[in-house]
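As provided, model.pdb (PDB, C-alpha atoms) reads as follows.
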```pdb
ATOM      1  CA  MET A1371     112.143  67.518   6.171
ATOM      2  CA  LYS A1372     110.623  64.974   8.544
ATOM      3  CA  GLU A1373     107.952  62.715   7.106
ATOM      4  CA  PRO A1374     104.931  62.928   9.410
ATOM      5  CA  GLU A1375     103.390  59.982  11.204
ATOM      6  CA  LEU A1376      99.722  60.227  10.287
ATOM      7  CA  ARG A1377      96.906  58.491  12.142
ATOM      8  CA  PRO A1378      93.109  58.330  11.791
ATOM      9  CA  PHE A1379      91.316  61.233  13.458
ATOM     10  CA  GLY A1380      88.557  59.294  15.157
ATOM     11  CA  ASN A1381      85.780  58.458  12.718
ATOM     12  CA  THR A1382      86.158  61.685  10.726
ATOM     13  CA  GLY A1383      87.935  60.089   7.764
ATOM     14  CA  LEU A1384      90.810  62.560   8.177
ATOM     15  CA  LEU A1385      94.429  61.610   8.785
ATOM     16  CA  VAL A1386      96.306  63.836  11.222
ATOM     17  CA  SER A1387      99.861  64.327  12.432
ATOM     18  CA  ARG A1388     100.652  63.517  16.064
ATOM     19  CA  LEU A1389     101.909  67.070  16.598
ATOM     20  CA  GLY A1390      99.874  70.086  15.520
ATOM     21  CA  LEU A1391     100.427  73.825  15.695
ATOM     22  CA  GLY A1392      97.972  76.234  17.293
ATOM     23  CA  LEU A1393      98.289  79.883  16.274
ATOM     24  CA  ALA A1394      96.809  81.510  19.381
ATOM     25  CA  ALA A1395     100.187  83.125  20.157
ATOM     26  CA  LEU A1396     100.978  84.081  16.556
ATOM     27  CA  GLY A1397      97.883  85.730  15.104
ATOM     28  CA  ARG A1398      97.833  88.799  17.370
ATOM     29  CA  PRO A1399     100.452  90.774  19.284
ATOM     30  CA  ALA A1400      99.450  89.743  22.826
ATOM     31  CA  TYR A1401      98.665  86.421  24.510
ATOM     32  CA  ILE A1402      98.763  84.837  27.981
ATOM     33  CA  ASN A1403     101.715  82.477  27.448
ATOM     34  CA  VAL A1404     104.523  83.043  29.937
ATOM     35  CA  GLY A1405     107.335  84.919  28.189
ATOM     36  CA  HIS A1406     105.205  85.950  25.225
ATOM     37  CA  HIS A1407     106.320  89.580  25.616
ATOM     38  CA  THR A1408     109.797  88.546  24.426
ATOM     39  CA  ASP A1409     108.738  85.870  21.911
ATOM     40  CA  LEU A1410     107.337  88.430  19.475
ATOM     41  CA  GLU A1411     109.780  91.246  20.177
ATOM     42  CA  GLY A1412     110.310  93.181  16.964
ATOM     43  CA  HIS A1413     107.471  91.372  15.163
ATOM     44  CA  ARG A1414     104.308  92.900  16.613
ATOM     45  CA  ASP A1415     103.118  94.953  13.631
ATOM     46  CA  VAL A1416     100.855  93.152  11.185
ATOM     47  CA  ALA A1417     103.397  92.845   8.381
ATOM     48  CA  GLY A1418     106.196  91.772  10.708
ATOM     49  CA  LEU A1419     104.050  89.235  12.546
ATOM     50  CA  SER A1420     102.809  87.806   9.254
ATOM     51  CA  LEU A1421     106.371  87.171   8.067
ATOM     52  CA  HIS A1422     107.376  85.824  11.477
ATOM     53  CA  THR A1423     104.408  83.411  11.439
ATOM     54  CA  GLN A1424     105.347  82.141   7.962
ATOM     55  CA  ARG A1425     108.789  81.229   9.292
ATOM     56  CA  VAL A1426     107.389  79.430  12.328
ATOM     57  CA  LEU A1427     104.992  77.528  10.068
ATOM     58  CA  ASP A1428     107.900  76.514   7.831
ATOM     59  CA  VAL A1429     109.828  75.087  10.796
ATOM     60  CA  ALA A1430     106.776  73.283  12.162
ATOM     61  CA  HIS A1431     105.984  71.776   8.768
ATOM     62  CA  ALA A1432     109.573  70.602   8.362
ATOM     63  CA  ALA A1433     109.301  68.922  11.774
ATOM     64  CA  GLY A1434     106.278  66.921  10.642
ATOM     65  CA  VAL A1435     103.341  69.104  11.696
ATOM     66  CA  ARG A1436     100.332  68.734   9.413
ATOM     67  CA  TYR A1437      97.473  69.852  11.709
ATOM     68  CA  PHE A1438      96.938  73.601  12.095
ATOM     69  CA  ASP A1439      94.532  75.206  14.562
ATOM     70  CA  VAL A1440      93.280  78.794  14.227
ATOM     71  CA  ALA A1441      90.242  80.847  15.293
ATOM     72  CA  ARG A1442      88.423  84.042  14.399
ATOM     73  CA  SER A1443      89.504  85.510  17.744
ATOM     74  CA  TYR A1444      93.196  84.813  17.124
ATOM     75  CA  GLY A1445      93.609  88.130  15.357
ATOM     76  CA  LYS A1446      94.840  87.441  11.826
ATOM     77  CA  SER A1447      95.731  83.794  12.395
ATOM     78  CA  GLU A1448      93.430  82.561   9.635
ATOM     79  CA  GLU A1449      94.786  85.075   7.147
ATOM     80  CA  PHE A1450      98.396  84.297   8.085
ATOM     81  CA  LEU A1451      97.826  80.555   7.692
ATOM     82  CA  ALA A1452      95.954  80.966   4.405
ATOM     83  CA  SER A1453      98.769  83.130   3.030
ATOM     84  CA  TRP A1454     101.339  80.511   3.984
ATOM     85  CA  ILE A1455      99.282  77.768   2.345
ATOM     86  CA  GLU A1456      98.961  79.820  -0.834
ATOM     87  CA  GLY A1457     102.721  80.273  -0.908
ATOM     88  CA  ARG A1458     103.238  76.518  -0.690
ATOM     89  CA  GLU A1459     100.554  75.587  -3.209
ATOM     90  CA  GLY A1460     100.801  71.990  -4.321
ATOM     91  CA  THR A1461     102.939  70.821  -1.399
ATOM     92  CA  LEU A1462     100.335  70.626   1.389
ATOM     93  CA  HIS A1463      98.137  67.739   0.306
ATOM     94  CA  ASP A1464      98.145  66.150   3.779
ATOM     95  CA  THR A1465      97.375  69.299   5.789
ATOM     96  CA  VAL A1466      94.329  69.488   8.074
ATOM     97  CA  ILE A1467      92.957  72.940   8.970
ATOM     98  CA  ALA A1468      90.758  73.506  12.003
ATOM     99  CA  SER A1469      89.164  76.795  12.969
ATOM    100  CA  LYS A1470      86.748  77.964  15.660
ATOM    101  CA  TRP A1471      83.864  80.342  16.249
ATOM    102  CA  GLY A1472      82.512  81.873  19.444
ATOM    103  CA  TYR A1473      84.948  84.609  20.512
ATOM    104  CA  ASN A1474      85.356  88.106  19.115
ATOM    105  CA  TYR A1475      88.835  89.641  19.020
ATOM    106  CA  VAL A1476      88.419  93.141  20.451
ATOM    107  CA  GLY A1477      92.047  93.895  21.302
ATOM    108  CA  ASP A1478      92.459  95.907  18.087
ATOM    109  CA  TRP A1479      96.149  94.995  17.864
ATOM    110  CA  GLN A1480      96.905  96.779  21.146
ATOM    111  CA  LEU A1481      98.944  95.423  24.059
ATOM    112  CA  ASP A1482      97.553  97.411  26.974
ATOM    113  CA  VAL A1483      93.780  97.026  26.617
ATOM    114  CA  ASP A1484      91.743  95.593  29.485
ATOM    115  CA  VAL A1485      89.980  92.994  27.299
ATOM    116  CA  HIS A1486      91.434  91.224  24.269
ATOM    117  CA  GLU A1487      88.633  88.798  23.385
ATOM    118  CA  VAL A1488      84.977  88.370  24.316
ATOM    119  CA  LYS A1489      83.008  85.116  24.250
ATOM    120  CA  ASP A1490      79.802  85.221  22.186
ATOM    121  CA  HIS A1491      78.075  81.894  21.579
ATOM    122  CA  SER A1492      75.093  83.377  19.751
ATOM    123  CA  LEU A1493      73.632  82.118  16.491
ATOM    124  CA  ALA A1494      74.413  85.459  14.860
ATOM    125  CA  THR A1495      78.086  85.088  15.753
ATOM    126  CA  LEU A1496      78.166  81.519  14.438
ATOM    127  CA  ASP A1497      76.699  82.586  11.100
ATOM    128  CA  ARG A1498      78.924  85.650  10.754
ATOM    129  CA  GLN A1499      82.176  84.000  11.766
ATOM    130  CA  PHE A1500      81.513  80.886   9.692
ATOM    131  CA  HIS A1501      81.142  82.967   6.542
ATOM    132  CA  GLU A1502      84.230  85.013   7.461
ATOM    133  CA  THR A1503      86.259  81.828   7.868
ATOM    134  CA  LEU A1504      84.965  80.354   4.610
ATOM    135  CA  ALA A1505      85.958  83.564   2.836
ATOM    136  CA  VAL A1506      89.534  83.026   4.024
ATOM    137  CA  PHE A1507      89.917  79.295   3.421
ATOM    138  CA  ALA A1508      87.352  78.576   0.688
ATOM    139  CA  GLY A1509      87.386  74.794   0.316
ATOM    140  CA  ASP A1510      90.421  74.164   2.527
ATOM    141  CA  LEU A1511      88.614  74.149   5.907
ATOM    142  CA  ASP A1512      88.383  70.653   7.405
ATOM    143  CA  VAL A1513      87.234  71.033  11.032
ATOM    144  CA  TYR A1514      84.960  73.713  12.523
ATOM    145  CA  GLN A1515      84.695  73.938  16.305
ATOM    146  CA  ILE A1516      82.782  75.763  19.007
ATOM    147  CA  HIS A1517      85.427  77.837  20.769
ATOM    148  CA  SER A1518      85.657  77.069  24.485
ATOM    149  CA  ALA A1519      82.287  75.493  25.138
ATOM    150  CA  THR A1520      81.300  75.335  28.795
ATOM    151  CA  GLU A1521      78.152  74.354  30.619
ATOM    152  CA  ASP A1522      77.735  77.957  31.767
ATOM    153  CA  SER A1523      77.712  79.356  28.234
ATOM    154  CA  GLY A1524      74.609  77.323  27.372
ATOM    155  CA  VAL A1525      75.803  76.712  23.822
ATOM    156  CA  LEU A1526      75.257  72.953  24.080
ATOM    157  CA  ASP A1527      71.609  73.541  25.028
ATOM    158  CA  ASN A1528      70.863  76.016  22.235
ATOM    159  CA  ALA A1529      68.687  74.135  19.755
ATOM    160  CA  GLU A1530      69.114  76.688  16.960
ATOM    161  CA  ILE A1531      72.890  76.478  17.128
ATOM    162  CA  LEU A1532      72.935  72.697  17.330
ATOM    163  CA  LEU A1533      70.668  72.433  14.300
ATOM    164  CA  ARG A1534      72.852  74.875  12.339
ATOM    165  CA  LEU A1535      75.947  72.868  13.208
ATOM    166  CA  GLY A1536      74.054  69.749  12.132
ATOM    167  CA  GLU A1537      73.481  71.346   8.736
ATOM    168  CA  MET A1538      77.209  72.024   8.443
ATOM    169  CA  ARG A1539      77.941  68.412   9.351
ATOM    170  CA  ASP A1540      75.494  67.179   6.726
ATOM    171  CA  GLU A1541      77.226  69.348   4.122
ATOM    172  CA  GLY A1542      80.486  67.482   4.773
ATOM    173  CA  LEU A1543      82.248  69.623   7.376
ATOM    174  CA  VAL A1544      83.720  67.944  10.460
ATOM    175  CA  VAL A1545      82.058  69.625  13.458
ATOM    176  CA  GLY A1546      83.808  69.713  16.815
ATOM    177  CA  LEU A1547      84.249  71.718  19.983
ATOM    178  CA  THR A1548      86.958  72.921  22.298
ATOM    179  CA  VAL A1549      86.456  72.987  26.053
ATOM    180  CA  SER A1550      88.039  74.799  28.963
ATOM    181  CA  GLY A1551      87.726  75.301  32.689
ATOM    182  CA  PRO A1552      87.622  72.970  35.692
ATOM    183  CA  ASP A1553      84.488  71.200  34.401
ATOM    184  CA  GLN A1554      85.918  70.101  31.046
ATOM    185  CA  ALA A1555      84.971  66.482  31.680
ATOM    186  CA  THR A1556      81.295  67.353  32.212
ATOM    187  CA  THR A1557      81.207  69.370  28.990
ATOM    188  CA  ILE A1558      82.932  66.613  27.001
ATOM    189  CA  ARG A1559      80.433  64.018  28.162
ATOM    190  CA  HIS A1560      77.522  66.358  27.474
ATOM    191  CA  ALA A1561      78.760  67.048  23.945
ATOM    192  CA  SER A1562      79.349  63.349  23.288
ATOM    193  CA  SER A1563      75.689  62.631  24.018
ATOM    194  CA  ILE A1564      74.251  65.165  21.549
ATOM    195  CA  LYS A1565      72.702  63.753  18.407
ATOM    196  CA  ILE A1566      71.086  65.491  15.444
ATOM    197  CA  ASP A1567      68.878  63.355  13.212
ATOM    198  CA  GLY A1568      69.957  60.277  15.155
ATOM    199  CA  ARG A1569      73.692  60.768  14.603
ATOM    200  CA  PRO A1570      76.370  62.233  16.895
ATOM    201  CA  LEU A1571      76.835  65.930  16.175
ATOM    202  CA  PHE A1572      80.395  66.378  17.391
ATOM    203  CA  ALA A1573      83.142  64.388  15.704
ATOM    204  CA  THR A1574      86.101  65.998  17.484
ATOM    205  CA  VAL A1575      86.961  67.493  20.851
ATOM    206  CA  GLN A1576      89.903  69.671  21.893
ATOM    207  CA  ALA A1577      90.731  69.980  25.587
ATOM    208  CA  THR A1578      93.443  71.156  27.949
ATOM    209  CA  TRP A1579      95.512  68.281  29.299
ATOM    210  CA  ASN A1580      98.948  68.434  30.862
ATOM    211  CA  VAL A1581     100.807  67.069  33.878
ATOM    212  CA  LEU A1582      99.416  69.886  36.023
ATOM    213  CA  GLU A1583      95.813  69.561  34.793
ATOM    214  CA  PRO A1584      94.977  65.976  33.760
ATOM    215  CA  SER A1585      91.377  65.982  35.050
ATOM    216  CA  ALA A1586      89.769  65.590  31.604
ATOM    217  CA  GLY A1587      91.709  62.424  30.810
ATOM    218  CA  ASP A1588      88.988  59.873  31.544
ATOM    219  CA  ALA A1589      86.358  61.836  29.616
ATOM    220  CA  LEU A1590      88.726  62.201  26.663
ATOM    221  CA  ALA A1591      89.376  58.458  26.709
ATOM    222  CA  GLU A1592      85.621  57.838  26.622
ATOM    223  CA  ALA A1593      85.208  60.305  23.749
ATOM    224  CA  HIS A1594      88.008  58.628  21.816
ATOM    225  CA  ASP A1595      86.515  55.179  22.404
ATOM    226  CA  SER A1596      83.202  56.473  21.018
ATOM    227  CA  GLY A1597      84.905  57.506  17.774
ATOM    228  CA  MET A1598      85.663  61.179  18.377
ATOM    229  CA  GLY A1599      88.980  62.646  17.305
ATOM    230  CA  VAL A1600      90.832  64.087  20.302
ATOM    231  CA  VAL A1601      93.128  67.124  20.295
ATOM    232  CA  VAL A1602      95.179  68.186  23.326
ATOM    233  CA  LYS A1603      95.828  71.892  23.821
ATOM    234  CA  GLU A1604      97.989  73.695  26.363
ATOM    235  CA  ALA A1605     100.245  70.706  27.004
ATOM    236  CA  LEU A1606     102.855  73.194  28.247
ATOM    237  CA  ALA A1607     100.358  74.866  30.599
ATOM    238  CA  ASN A1608     100.730  78.211  28.813
ATOM    239  CA  GLY A1609     104.468  78.183  29.477
ATOM    240  CA  ARG A1610     104.350  77.253  33.150
ATOM    241  CA  LEU A1611     106.124  73.985  32.293
ATOM    242  CA  THR A1612     108.938  75.712  30.416
ATOM    243  CA  ASP A1613     109.485  78.911  32.412
ATOM    244  CA  SER A1614     112.879  78.721  34.111
ATOM    245  CA  GLU A1615     111.474  80.496  37.170
ATOM    246  CA  SER A1616     108.549  78.116  37.597
ATOM    247  CA  SER A1617     108.620  75.438  40.303
ATOM    248  CA  ALA A1618     106.500  73.230  38.011
ATOM    249  CA  ALA A1619     109.096  73.519  35.249
ATOM    250  CA  MET A1620     111.882  72.690  37.658
ATOM    251  CA  ALA A1621     110.042  69.582  38.884
ATOM    252  CA  LEU A1622     109.510  68.463  35.299
ATOM    253  CA  GLN A1623     113.153  69.055  34.398
ATOM    254  CA  HIS A1624     114.293  67.026  37.401
ATOM    255  CA  ALA A1625     112.232  64.096  36.132
ATOM    256  CA  VAL A1626     113.249  64.272  32.473
ATOM    257  CA  HIS A1627     116.936  65.138  33.067
ATOM    258  CA  ASP A1628     118.616  66.385  29.877
ATOM    259  CA  VAL A1629     115.498  66.267  27.684
ATOM    260  CA  PRO A1630     114.113  69.740  26.821
ATOM    261  CA  ARG A1631     111.136  70.506  29.041
ATOM    262  CA  ASP A1632     108.872  71.513  26.176
ATOM    263  CA  ALA A1633     109.559  68.357  24.169
ATOM    264  CA  ALA A1634     109.100  66.186  27.267
ATOM    265  CA  ALA A1635     105.738  67.738  28.177
ATOM    266  CA  LEU A1636     104.457  67.345  24.614
ATOM    267  CA  ALA A1637     105.715  63.752  24.430
ATOM    268  CA  ILE A1638     103.941  62.917  27.694
ATOM    269  CA  ALA A1639     100.696  64.210  26.209
ATOM    270  CA  MET A1640     101.269  62.319  22.953
ATOM    271  CA  ALA A1641     101.825  59.139  24.964
ATOM    272  CA  GLN A1642      98.203  59.201  26.142
ATOM    273  CA  PRO A1643      96.508  56.465  24.086
ATOM    274  CA  TRP A1644      93.457  58.639  23.427
ATOM    275  CA  ALA A1645      95.386  61.679  22.125
ATOM    276  CA  ASP A1646      95.291  61.913  18.329
ATOM    277  CA  VAL A1647      96.885  65.376  18.016
ATOM    278  CA  VAL A1648      98.831  67.403  20.572
ATOM    279  CA  LEU A1649      99.124  71.084  19.778
ATOM    280  CA  SER A1650     102.355  72.999  19.951
ATOM    281  CA  GLY A1651     101.791  76.644  20.794
ATOM    282  CA  ALA A1652     105.187  77.696  19.480
ATOM    283  CA  ALA A1653     105.626  81.429  18.947
ATOM    284  CA  THR A1654     109.208  81.347  17.637
ATOM    285  CA  GLU A1655     111.197  79.262  15.182
ATOM    286  CA  ALA A1656     113.363  77.940  18.013
ATOM    287  CA  GLN A1657     110.294  76.840  19.961
ATOM    288  CA  ALA A1658     108.823  75.131  16.912
ATOM    289  CA  HIS A1659     112.071  73.228  16.375
ATOM    290  CA  SER A1660     112.361  72.212  20.029
ATOM    291  CA  ASN A1661     108.696  71.222  20.227
ATOM    292  CA  GLY A1662     109.232  68.992  17.200
ATOM    293  CA  LEU A1663     111.774  66.936  19.127
ATOM    294  CA  ALA A1664     108.819  65.452  21.020
ATOM    295  CA  LEU A1665     108.060  63.280  18.005
ATOM    296  CA  ASP A1666     111.238  61.285  18.618
ATOM    297  CA  LEU A1667     110.761  60.756  22.379
ATOM    298  CA  THR A1668     109.247  57.693  24.033
ATOM    299  CA  ALA A1669     108.115  59.580  27.169
ATOM    300  CA  ASP A1670     109.235  56.799  29.521
ATOM    301  CA  PHE A1671     109.967  59.300  32.286
ATOM    302  CA  ASP A1672     109.685  58.576  35.995
ATOM    303  CA  LEU A1673     107.365  61.464  36.731
ATOM    304  CA  PRO A1674     106.119  62.508  40.159
ATOM    305  CA  ASP A1675     102.438  63.339  40.580
ATOM    306  CA  MET A1676     102.384  67.006  39.589
ATOM    307  CA  ALA A1677      98.619  67.431  39.241
ATOM    308  CA  GLU A1678      97.025  70.469  40.816
ATOM    309  CA  PRO A1679      93.367  70.682  41.874
ATOM    310  CA  ALA A1680      91.486  71.696  38.735
ATOM    311  CA  ASP A1681      89.932  74.785  40.329
ATOM    312  CA  GLU A1682      93.387  75.958  41.455
ATOM    313  CA  TYR A1683      94.918  75.360  38.023
ATOM    314  CA  TRP A1684      92.241  77.337  36.193
ATOM    315  CA  THR A1685      92.354  80.163  38.724
ATOM    316  CA  ARG A1686      96.090  80.500  38.124
ATOM    317  CA  ARG A1687      95.561  80.391  34.360
ATOM    318  CA  ALA A1688      93.012  83.190  34.577
ATOM    319  CA  MET A1689      95.599  85.341  36.337
ATOM    320  CA  LEU A1690      98.179  85.059  33.545
ATOM    321  CA  PRO A1691      98.698  88.509  31.998
ATOM    322  CA  TRP A1692      98.314  89.279  28.315
ATOM    323  CA  SER A1693     101.652  90.484  26.997
TER     324      SER A1693
END
```
Give the structure from the file, written as structure tokens.
Amino acid sequence: MKEPELRPFGNTGLLVSRLGLGLAALGRPAYINVGHHTDLEGHRDVAGLSLHTQRVLDVAHAAGVRYFDVARSYGKSEEFLASWIEGREGTLHDTVIASKWGYNYVGDWQLDVDVHEVKDHSLATLDRQFHETLAVFAGDLDVYQIHSATEDSGVLDNAEILLRLGEMRDEGLVVGLTVSGPDQATTIRHASSIKIDGRPLFATVQATWNVLEPSAGDALAEAHDSGMGVVVKEALANGRLTDSESSAAMALQHAVHDVPRDAAALAIAMAQPWADVVLSGAATEAQAHSNGLALDLTADFDLPDMAEPADEYWTRRAMLPWS
């Protein structure tokens, strides 16, 4: 088992591993990652997916992962993670658990529905999902985040919600947010400016950053300099950087030569000086093992400029099918 390299998570007082594991692709039978339809083949029923997730968690933990990211909308991700933790009682003293509120999972464990999750940034949803999450994790929850905050959702201008999150902060919970979309940088800077009772409300931020979509980098650097813990999600661009039929993946492979594409992309994200945690989105044991190789890479690759216009990147992401 690899001993993790732990580092301070901004000013939160938590110590986190450089590589984390997000369970978006493991807590429900369908997700937008390229190739997901084969990743979970034979494991899509609740019992089978629970056992499969335990095995992926075991591999990730052995590789040095100590930060785990779940959400109410990720199907049974919280329950699967809590069950794994219970089974390893006494051995997970350095684990950090982060969950999120703000989306409802409506897919009902089906593959062919038109809508799998619905955003709802209302106070009622915050209160309901917070209590649901606490019921799963009891005292083990460390970080609680708004799920996919955007300027359009208005959640960062909702005084009732901000005050409620301030109460959670004052009770000792680390409060954060995740962001998405082409205007991530604007949302990050907005969130960084919010104070409740004279103190910053948000202690962490999670954003998409990868070689195709690096537009939030400057804002994340500013957030990190201000004391916020920074988490990178979607470093593999939802599988676009690993798919053998993707031109982006081929360009990355040409630059990194014999290094696995997934490990290279994660290492590049970890090399950003403002990135505290980079999430693996592994959905199989093999992916978790390969992703873990990133921890031993220096990321000194001679990369071409692969960045896409942010609007184009997010349009393509929105077109990825759930499977």
Here's the selection I'm unsure about, the PyMOL selection byres ((chain A and resi 1669) around 8); applied to the file above, which residues does it give, as a list in words?
Ala1634, Ala1637, Ile1638, Ala1641, Leu1667, Thr1668, Asp1670 and Phe1671 of chain A
Of the residues A:Ala1561, A:Gly1542, A:Gln1515, A:His1422, which is the one nearest to A:Asp1409, using only C-alpha atoms?
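Checking each candidate against A:Asp1409, we get A:His1422 as the closest.
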Evaluate the PyMOL selection byres ((chain A and resi 1599) around 8) and report residues as a VMD selection string
chain A and resid 1379 to 1382 1573 to 1575 1593 to 1594 1597 to 1598 1600 to 1601 1646
Taking a cut-off of 8 Å and counting all atoms listed in the file, can you build a table that, for each residue of stretch 1451-1555 of chain A near stretch 1436-1443 of chain A, reports the nearest atom pair and how far apart they are in Å (one decimal), sorted by chain then residue number, as JSON lines?
```
{"residue": "A:Asp1464", "atom": "CA", "partner": "A:Arg1436", "partner_atom": "CA", "distance": 6.6}
{"residue": "A:Thr1465", "atom": "CA", "partner": "A:Arg1436", "partner_atom": "CA", "distance": 4.7}
{"residue": "A:Val1466", "atom": "CA", "partner": "A:Tyr1437", "partner_atom": "CA", "distance": 4.8}
{"residue": "A:Ile1467", "atom": "CA", "partner": "A:Phe1438", "partner_atom": "CA", "distance": 5.1}
{"residue": "A:Ala1468", "atom": "CA", "partner": "A:Asp1439", "partner_atom": "CA", "distance": 4.9}
{"residue": "A:Ser1469", "atom": "CA", "partner": "A:Val1440", "partner_atom": "CA", "distance": 4.7}
{"residue": "A:Lys1470", "atom": "CA", "partner": "A:Ala1441", "partner_atom": "CA", "distance": 4.5}
{"residue": "A:Trp1471", "atom": "CA", "partner": "A:Arg1442", "partner_atom": "CA", "distance": 6.2}
{"residue": "A:Tyr1473", "atom": "CA", "partner": "A:Ser1443", "partner_atom": "CA", "distance": 5.4}
{"residue": "A:Asn1474", "atom": "CA", "partner": "A:Ser1443", "partner_atom": "CA", "distance": 5.1}
{"residue": "A:Tyr1475", "atom": "CA", "partner": "A:Ser1443", "partner_atom": "CA", "distance": 4.4}
{"residue": "A:Glu1487", "atom": "CA", "partner": "A:Ser1443", "partner_atom": "CA", "distance": 6.6}
{"residue": "A:Gln1499", "atom": "CA", "partner": "A:Arg1442", "partner_atom": "CA", "distance": 6.8}
{"residue": "A:Thr1503", "atom": "CA", "partner": "A:Arg1442", "partner_atom": "CA", "distance": 7.2}
{"residue": "A:His1517", "atom": "CA", "partner": "A:Ala1441", "partner_atom": "CA", "distance": 7.9}
```
I need the chosen residues saved as a PDB file, in the coordinates of the input, with C-alpha atoms.
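Contents of out28.pdb, freshly written:
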```
ATOM      1  CA  ASP A1464      98.145  66.150   3.779  1.00  0.00           C
ATOM      2  CA  THR A1465      97.375  69.299   5.789  1.00  0.00           C
ATOM      3  CA  VAL A1466      94.329  69.488   8.074  1.00  0.00           C
ATOM      4  CA  ILE A1467      92.957  72.940   8.970  1.00  0.00           C
ATOM      5  CA  ALA A1468      90.758  73.506  12.003  1.00  0.00           C
ATOM      6  CA  SER A1469      89.164  76.795  12.969  1.00  0.00           C
ATOM      7  CA  LYS A1470      86.748  77.964  15.660  1.00  0.00           C
ATOM      8  CA  TRP A1471      83.864  80.342  16.249  1.00  0.00           C
ATOM      9  CA  TYR A1473      84.948  84.609  20.512  1.00  0.00           C
ATOM     10  CA  ASN A1474      85.356  88.106  19.115  1.00  0.00           C
ATOM     11  CA  TYR A1475      88.835  89.641  19.020  1.00  0.00           C
ATOM     12  CA  GLU A1487      88.633  88.798  23.385  1.00  0.00           C
ATOM     13  CA  GLN A1499      82.176  84.000  11.766  1.00  0.00           C
ATOM     14  CA  THR A1503      86.259  81.828   7.868  1.00  0.00           C
ATOM     15  CA  HIS A1517      85.427  77.837  20.769  1.00  0.00           C
TER      16      HIS A1517
END
```
Write out as a compact mmCIF listing (two decimals) with C-alpha atoms, keeping the file's coordinate frame each polymer residue whose atoms come within 12 Å of A:Trp1684, counting all atoms listed in the file; drop sequence neighbours fewer than 3 positions from it.
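What follows is the written file out-v9.txt:
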```
# COMPACT_ATOMS: atom_id res chain seq x y z
CA SER A 1550 88.04 74.80 28.96
CA GLY A 1551 87.73 75.30 32.69
CA PRO A 1552 87.62 72.97 35.69
CA ASP A 1553 84.49 71.20 34.40
CA GLN A 1554 85.92 70.10 31.05
CA THR A 1578 93.44 71.16 27.95
CA TRP A 1579 95.51 68.28 29.30
CA LEU A 1582 99.42 69.89 36.02
CA GLU A 1583 95.81 69.56 34.79
CA PRO A 1584 94.98 65.98 33.76
CA SER A 1585 91.38 65.98 35.05
CA GLU A 1604 97.99 73.69 26.36
CA ALA A 1607 100.36 74.87 30.60
CA ASN A 1608 100.73 78.21 28.81
CA GLU A 1678 97.02 70.47 40.82
CA PRO A 1679 93.37 70.68 41.87
CA ALA A 1680 91.49 71.70 38.74
CA ASP A 1681 89.93 74.78 40.33
CA ARG A 1687 95.56 80.39 34.36
CA ALA A 1688 93.01 83.19 34.58
CA MET A 1689 95.60 85.34 36.34
CA LEU A 1690 98.18 85.06 33.54
```
On this structure, which residues satisfy the PyMOL selection byres ((chain A and resi 1403) around 9), written as a list in words?
Ala1395, Ala1400, Tyr1401, Ile1402, Val1404, Gly1405, His1406, His1407, Ala1607, Asn1608, Gly1609, Arg1610, Gly1651, Leu1690, Pro1691, Trp1692 and Ser1693 of chain A
Enter the distance from atom CA of A:Ser1616 to atom CA of A:Leu1393, in Å, rounded to one decimal.
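Separation between atom CA of A:Ser1616 and atom CA of A:Leu1393: 23.7 Å.
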Enclose stretch 1459-1468 of chain A, meaning all of its atoms listed in the file, in a box aligned along x, y and z, pad it by 3 Å on each side, and list the centre and edge lengths in Å to one decimal, as JSON.
```
{"center_x": 96.8, "center_y": 70.9, "center_z": 3.8, "size_x": 18.2, "size_y": 15.4, "size_z": 22.3}
```
Provide the atom CA of A:Tyr1683 to atom CA of A:Ala1577 distance in Å, to one decimal place.
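Calculated distance between atom CA of A:Tyr1683 and atom CA of A:Ala1577 is 14.2 Å.
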Between atom CA of A:Ser1523 and atom CA of A:Glu1502, what is the distance, to one decimal in Å?
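Computing the Euclidean distance for atom CA of A:Ser1523 and atom CA of A:Glu1502 yields 22.5 Å.
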The residue from A:Ala1653, A:Thr1548, A:Ala1645, A:Ala1664 with the smallest atom-to-atom distance to A:Ser1420, counting only C-alpha atoms, is A:Ala1653
Of the candidates A:Leu1663, A:Ala1432, A:Ile1455, A:Leu1543, which shows the shortest atom-to-atom distance to A:Arg1631, using all atoms listed in the file?
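Using all atoms listed in the file, the shortest distance to A:Arg1631 belongs to A:Leu1663.
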Can you work out which one of A:Glu1375, A:Glu1449, A:Asp1415, A:Asp1522 has the shortest atom-to-atom distance to A:Ala1505, counting all atoms listed in the file?
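Result for the nearest residue to A:Ala1505: A:Glu1449.
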When you count all atoms listed in the file, which of these residues is closest to A:Ile1516: A:Leu1427, A:Leu1421, A:Val1581, A:Val1545?
A:Val1545
Name the residues in contact with A:Val1476 at a cut-off of 8 Å, using all atoms listed in the file, excluding same-chain residues fewer than 6 positions from it; report them as a PDB file with C-alpha atoms, keeping the file's coordinate frame.
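Output file around.pdb is given in full below:
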```
ATOM      1  CA  VAL A1485      89.980  92.994  27.299  1.00  0.00           C
ATOM      2  CA  HIS A1486      91.434  91.224  24.269  1.00  0.00           C
ATOM      3  CA  GLU A1487      88.633  88.798  23.385  1.00  0.00           C
ATOM      4  CA  VAL A1488      84.977  88.370  24.316  1.00  0.00           C
TER       5      VAL A1488
END
```
Spatial neighbours of A:Ala1589, 7 Å, only C-alpha atoms, chain gap at least 5 places, as an MDAnalysis selection string
chainID A and resid 1555 1558:1559
I'd like the contact shell of A:Trp1454 - 12 Å cut-off, all atoms listed in the file, skipping same-chain residues fewer than 6 positions apart - returned as a PyMOL selection string.
chain A and resi 1420-1428+1431+1438+1447-1448+1460-1462+1507
